[in-house]
file query.cif (mmCIF, C-alpha atoms)
data_final
loop_
_atom_site.label_atom_id
_atom_site.label_comp_id
_atom_site.auth_asym_id
_atom_site.auth_seq_id
_atom_site.Cartn_x
_atom_site.Cartn_y
_atom_site.Cartn_z
CA HIS A 28 0.00 0.00 0.00
CA PHE A 29 2.95 2.35 0.60
CA PRO A 30 5.62 1.63 -2.04
CA ASP A 31 7.81 4.59 -1.05
CA ILE A 32 7.85 3.80 2.66
CA ASN A 33 11.10 3.81 4.59
CA ILE A 34 11.21 2.07 7.94
CA THR A 35 13.90 2.24 10.59
CA ALA A 36 13.51 -0.44 13.24
CA LEU A 37 15.63 -0.83 16.36
CA GLU A 38 15.93 -4.05 18.34
CA PRO A 39 18.82 -4.75 20.71
CA PHE A 40 17.83 -8.20 21.97
CA GLU A 41 19.39 -11.02 19.89
CA GLU A 42 16.44 -13.43 19.75
CA THR A 43 13.90 -10.74 18.95
CA TYR A 44 16.25 -9.14 16.43
CA ASN A 45 16.61 -12.48 14.60
CA ARG A 46 12.83 -12.91 14.60
CA LEU A 47 12.47 -9.44 13.11
CA VAL A 48 14.99 -10.25 10.37
CA GLN A 49 12.99 -13.40 9.51
CA ASN A 50 9.72 -11.43 9.35
CA ILE A 51 11.30 -8.80 7.10
CA ASN A 52 12.64 -11.51 4.76
CA ILE A 53 9.44 -13.59 4.72
CA ASN A 54 7.40 -10.52 3.80
CA HIS A 55 9.94 -9.29 1.22
CA PHE A 56 10.24 -5.85 2.79
CA SER A 57 13.00 -4.02 0.98
CA SER A 58 12.99 -0.59 2.55
CA VAL A 59 13.66 -1.51 6.18
CA ARG A 60 16.77 -0.24 7.90
CA LEU A 61 17.30 -2.54 10.85
CA LEU A 62 19.58 -1.49 13.71
CA LYS A 63 20.68 -3.85 16.45
CA LYS A 64 20.57 -1.06 19.00
CA GLY A 65 18.44 0.33 21.74
CA LEU A 66 16.73 3.72 21.72
CA TRP A 67 17.87 6.27 24.29
CA SER A 68 18.20 10.01 24.71
CA SER A 69 21.79 9.92 23.43
CA GLN A 70 24.35 7.60 21.92
CA ILE A 71 25.52 5.53 24.85
CA LYS A 72 26.44 2.00 25.88
CA LEU A 73 23.73 0.06 27.68
CA LYS A 74 23.53 -3.11 29.68
CA ALA A 75 20.70 -5.58 30.02
CA ASP A 76 18.37 -5.55 32.97
CA THR A 77 16.20 -8.65 33.15
CA SER A 78 14.98 -8.01 36.69
CA PHE A 79 12.08 -6.00 35.23
CA ARG A 80 8.66 -7.67 35.69
CA ASP A 81 8.90 -11.47 35.26
CA GLY A 82 12.32 -11.73 33.56
CA GLN A 83 10.97 -13.04 30.22
CA ASP A 84 11.86 -11.63 26.76
CA TRP A 85 9.15 -8.95 27.00
CA SER A 86 10.56 -7.92 30.37
CA PHE A 87 13.94 -7.07 28.95
CA ARG A 88 15.02 -3.46 29.23
CA LEU A 89 18.20 -1.46 28.91
CA VAL A 90 19.93 0.73 31.45
CA GLU A 91 23.06 2.80 31.12
CA ALA A 92 26.26 0.86 31.72
CA CYS A 93 28.82 2.38 34.06
CA SER A 94 32.28 2.83 32.62
CA ASN A 95 33.58 -0.20 34.57
CA GLU A 96 30.73 -2.50 33.46
CA PRO A 97 30.60 -4.50 30.26
CA ALA A 98 28.10 -3.03 27.82
CA LEU A 99 25.86 -5.40 25.92
CA PHE A 100 24.36 -2.91 23.51
CA GLU A 101 24.77 0.43 21.92
CA ALA A 102 21.91 2.87 21.88
CA THR A 103 21.14 5.69 19.55
CA SER A 104 18.85 8.68 19.76
CA ILE A 105 16.02 9.83 17.56
CA ASP A 106 18.08 12.95 16.83
CA GLU A 107 20.81 10.70 15.43
CA ILE A 108 18.35 8.68 13.33
CA ILE A 109 16.90 11.90 11.91
CA SER A 110 20.37 13.23 11.13
CA GLU A 111 21.69 9.99 9.56
CA ASN A 112 18.62 9.68 7.33
CA ASN A 113 18.24 13.39 6.53
CA LEU A 114 14.60 13.33 7.66
CA THR A 115 12.39 16.38 7.70
CA THR A 116 9.32 14.57 9.04
CA ILE A 117 8.46 11.26 10.61
CA ASP A 118 5.01 10.06 9.58
CA PHE A 119 4.65 7.47 12.33
CA LEU A 120 6.85 6.86 15.36
CA LYS A 121 6.18 3.87 17.61
CA ILE A 122 8.10 3.60 20.86
CA ASP A 123 7.86 0.57 23.13
CA ILE A 124 11.12 0.41 25.05
CA GLU A 125 10.11 -1.19 28.34
CA GLY A 126 10.69 1.75 30.65
CA GLY A 127 13.34 3.53 28.58
CA GLU A 128 10.75 6.20 27.77
CA VAL A 129 11.59 7.69 31.17
CA GLU A 130 15.06 8.51 29.86
CA ILE A 131 13.95 9.77 26.45
CA PHE A 132 11.17 12.02 27.73
CA LYS A 133 12.76 13.26 30.97
CA ASP A 134 13.69 16.69 29.59
CA PHE A 135 11.20 18.02 27.06
CA SER A 136 13.38 21.06 26.32
CA THR A 137 15.68 18.69 24.36
CA LEU A 138 12.93 17.05 22.32
CA HIS A 139 12.70 19.48 19.40
CA TRP A 140 12.38 16.46 17.08
CA LEU A 141 8.84 15.90 18.36
CA ASN A 142 7.73 18.78 16.13
CA GLN A 143 8.74 16.64 13.11
CA VAL A 144 6.54 13.69 14.14
CA LYS A 145 3.06 13.50 12.61
CA VAL A 146 1.82 10.57 14.72
CA ILE A 147 3.38 9.04 17.81
CA ALA A 148 2.35 5.76 19.43
CA LEU A 149 4.01 5.31 22.78
CA GLU A 150 3.74 2.56 25.33
CA ILE A 151 4.20 4.21 28.72
CA HIS A 152 5.15 1.77 31.45
CA ASP A 153 3.35 2.86 34.59
CA GLU A 154 5.83 1.05 36.82
CA PHE A 155 8.08 4.06 36.34
CA ASN A 156 5.49 6.64 37.42
CA CYS A 157 6.10 8.86 34.38
CA ARG A 158 2.75 8.87 32.53
CA GLU A 159 1.53 12.25 33.76
CA HIS A 160 4.85 13.95 33.00
CA ILE A 161 5.08 12.48 29.50
CA GLU A 162 1.43 13.00 28.51
CA THR A 163 1.28 16.54 29.88
CA ASN A 164 4.29 17.50 27.80
CA LEU A 165 3.17 15.62 24.69
CA ALA A 166 -0.16 17.47 24.88
CA GLN A 167 1.69 20.70 24.04
CA ILE A 168 2.30 19.33 20.53
CA PHE A 169 -0.16 16.45 20.08
CA ASP A 170 -3.84 15.71 20.50
CA ILE A 171 -3.67 12.72 22.86
CA SER A 172 -5.85 9.60 22.91
CA HIS A 173 -5.44 6.03 24.13
CA SER A 174 -5.81 2.67 22.44
CA GLY A 175 -5.12 -0.32 24.63
CA GLU A 176 -1.60 0.06 26.05
CA LEU A 177 -0.70 2.85 23.65
CA THR A 178 -0.79 6.57 24.11
CA ILE A 179 -1.45 8.01 20.64
CA GLY A 180 -0.55 11.55 19.67
CA ILE A 181 -1.61 13.35 16.50
CA ASN A 182 0.51 16.44 15.82
CA LYS A 183 -1.66 19.54 16.03
CA SER A 184 0.34 21.43 13.39
CA LEU A 185 1.25 18.76 10.80
#
call {"tool": "encode", "arguments": {"input": "query.cif", "output": "structure tokens"}}
result
Amino acid sequence: HFPDINITALEPFEETYNRLVQNININHFSSVRLLKKGLWSSQIKLKADTSFRDGQDWSFRLVEACSNEPALFEATSIDEIISENNLTTIDFLKIDIEGGEVEIFKDFSTLHWLNQVKVIALEIHDEFNCREHIETNLAQIFDISHSGELTIGINKSL
């Protein structure tokens, strides 16, 4: 339906990454840029934290690695993705990063890229007590609604 679509997908976890590669190949998607990285507020090294929830694959999250700790993954920022791909707008941005949204949305003064996003779908993990902060700030740019676990924002000016 969208022959000119370009997708950038991030997945740091090996098993899920491999599953994503299989799905891309099975469906013959040709315009997917797949990064084996996490999403964060900056380019940084991250380590795995599997103590979140029940410790299963869907409970996996990333936290910043200290300089003396081994890092399992690299993370990139949305700013970096925009810059590397020379993007002027993002039609649809889905973020489900198992608590990492706390880091990305902690300082809204640094999130100028939100103005380039037409639609955002964000899973906010209430265990981190950040929903009110994130939704209040998103409401400055987006009309907010909810669908299941997702907070949906439609840019008011795009």
call {"tool": "residues_around", "arguments": {"input": "query.cif", "residues": "region 47-60 of chain A", "least_positions_apart": "5", "cutoff": "6 Å", "atoms": "only C-alpha atoms", "output": "PyMOL selection string"}}
result
chain A and resi 33-35
call {"tool": "residues_around", "arguments": {"input": "query.cif", "residues": "Ala166 (chain A)", "least_positions_apart": "5", "cutoff": "10 Å", "atoms": "all atoms listed in the file", "output": "list of chain:residue names"}}
result
A:Ile161, A:Ile171, A:Ser172, A:Gly180, A:Ile181, A:Asn182, A:Lys183
call {"tool": "resolve_selection", "arguments": {"input": "query.cif", "expression": "the PyMOL selection byres ((chain A and resi 76) around 6)", "output": "number ranges by chain"}}
result
A: 75, 77-78, 88-89
call {"tool": "residues_around", "arguments": {"input": "query.cif", "residues": "Ile117 (chain A)", "least_positions_apart": "2", "cutoff": "8 Å", "atoms": "only C-alpha atoms", "output": "ChimeraX atom specification"}}
result
/A:114-115,119-120,143-146
call {"tool": "closest_residue", "arguments": {"input": "query.cif", "among": "A:Lys63, A:Ala92, A:Thr163, A:Leu149", "to": "Glu42 (chain A)", "atoms": "only C-alpha atoms"}}
result
A:Lys63
call {"tool": "build_atoms", "arguments": {"input": "query.cif", "residues": "region 56-70 of chain A", "atoms": "N, CA and C atoms", "output": "compact mmCIF listing (two decimals), in the coordinates of the input"}}
result
# COMPACT_ATOMS: atom_id res chain seq x y z
N PHE A 56 10.13 -7.29 2.59
CA PHE A 56 10.24 -5.85 2.79
C PHE A 56 11.63 -5.41 2.37
N SER A 57 11.69 -4.43 1.50
CA SER A 57 13.00 -4.02 0.98
C SER A 57 13.47 -2.68 1.53
N SER A 58 12.59 -1.93 2.11
CA SER A 58 12.99 -0.59 2.55
C SER A 58 13.02 -0.46 4.07
N VAL A 59 13.55 -1.51 4.72
CA VAL A 59 13.66 -1.51 6.18
C VAL A 59 15.13 -1.39 6.55
N ARG A 60 15.43 -0.39 7.33
CA ARG A 60 16.77 -0.24 7.90
C ARG A 60 16.69 -0.78 9.32
N LEU A 61 17.38 -1.86 9.57
CA LEU A 61 17.30 -2.54 10.85
C LEU A 61 18.58 -2.30 11.63
N LEU A 62 18.44 -1.78 12.85
CA LEU A 62 19.58 -1.49 13.71
C LEU A 62 19.52 -2.37 14.95
N LYS A 63 20.61 -3.04 15.23
CA LYS A 63 20.68 -3.85 16.45
C LYS A 63 21.16 -2.95 17.58
N LYS A 64 20.28 -2.06 17.99
CA LYS A 64 20.57 -1.06 19.00
C LYS A 64 19.33 -0.79 19.82
N GLY A 65 19.55 -0.16 20.94
CA GLY A 65 18.44 0.33 21.74
C GLY A 65 18.18 1.79 21.40
N LEU A 66 17.07 2.31 21.90
CA LEU A 66 16.73 3.72 21.72
C LEU A 66 16.89 4.41 23.06
N TRP A 67 17.57 5.54 23.06
CA TRP A 67 17.87 6.27 24.29
C TRP A 67 17.87 7.74 23.97
N SER A 68 18.17 8.56 24.93
CA SER A 68 18.20 10.01 24.71
C SER A 68 19.51 10.47 24.07
N SER A 69 20.50 9.59 24.03
CA SER A 69 21.79 9.92 23.43
C SER A 69 22.46 8.64 22.98
N GLN A 70 23.57 8.78 22.29
CA GLN A 70 24.35 7.60 21.92
C GLN A 70 25.14 7.20 23.16
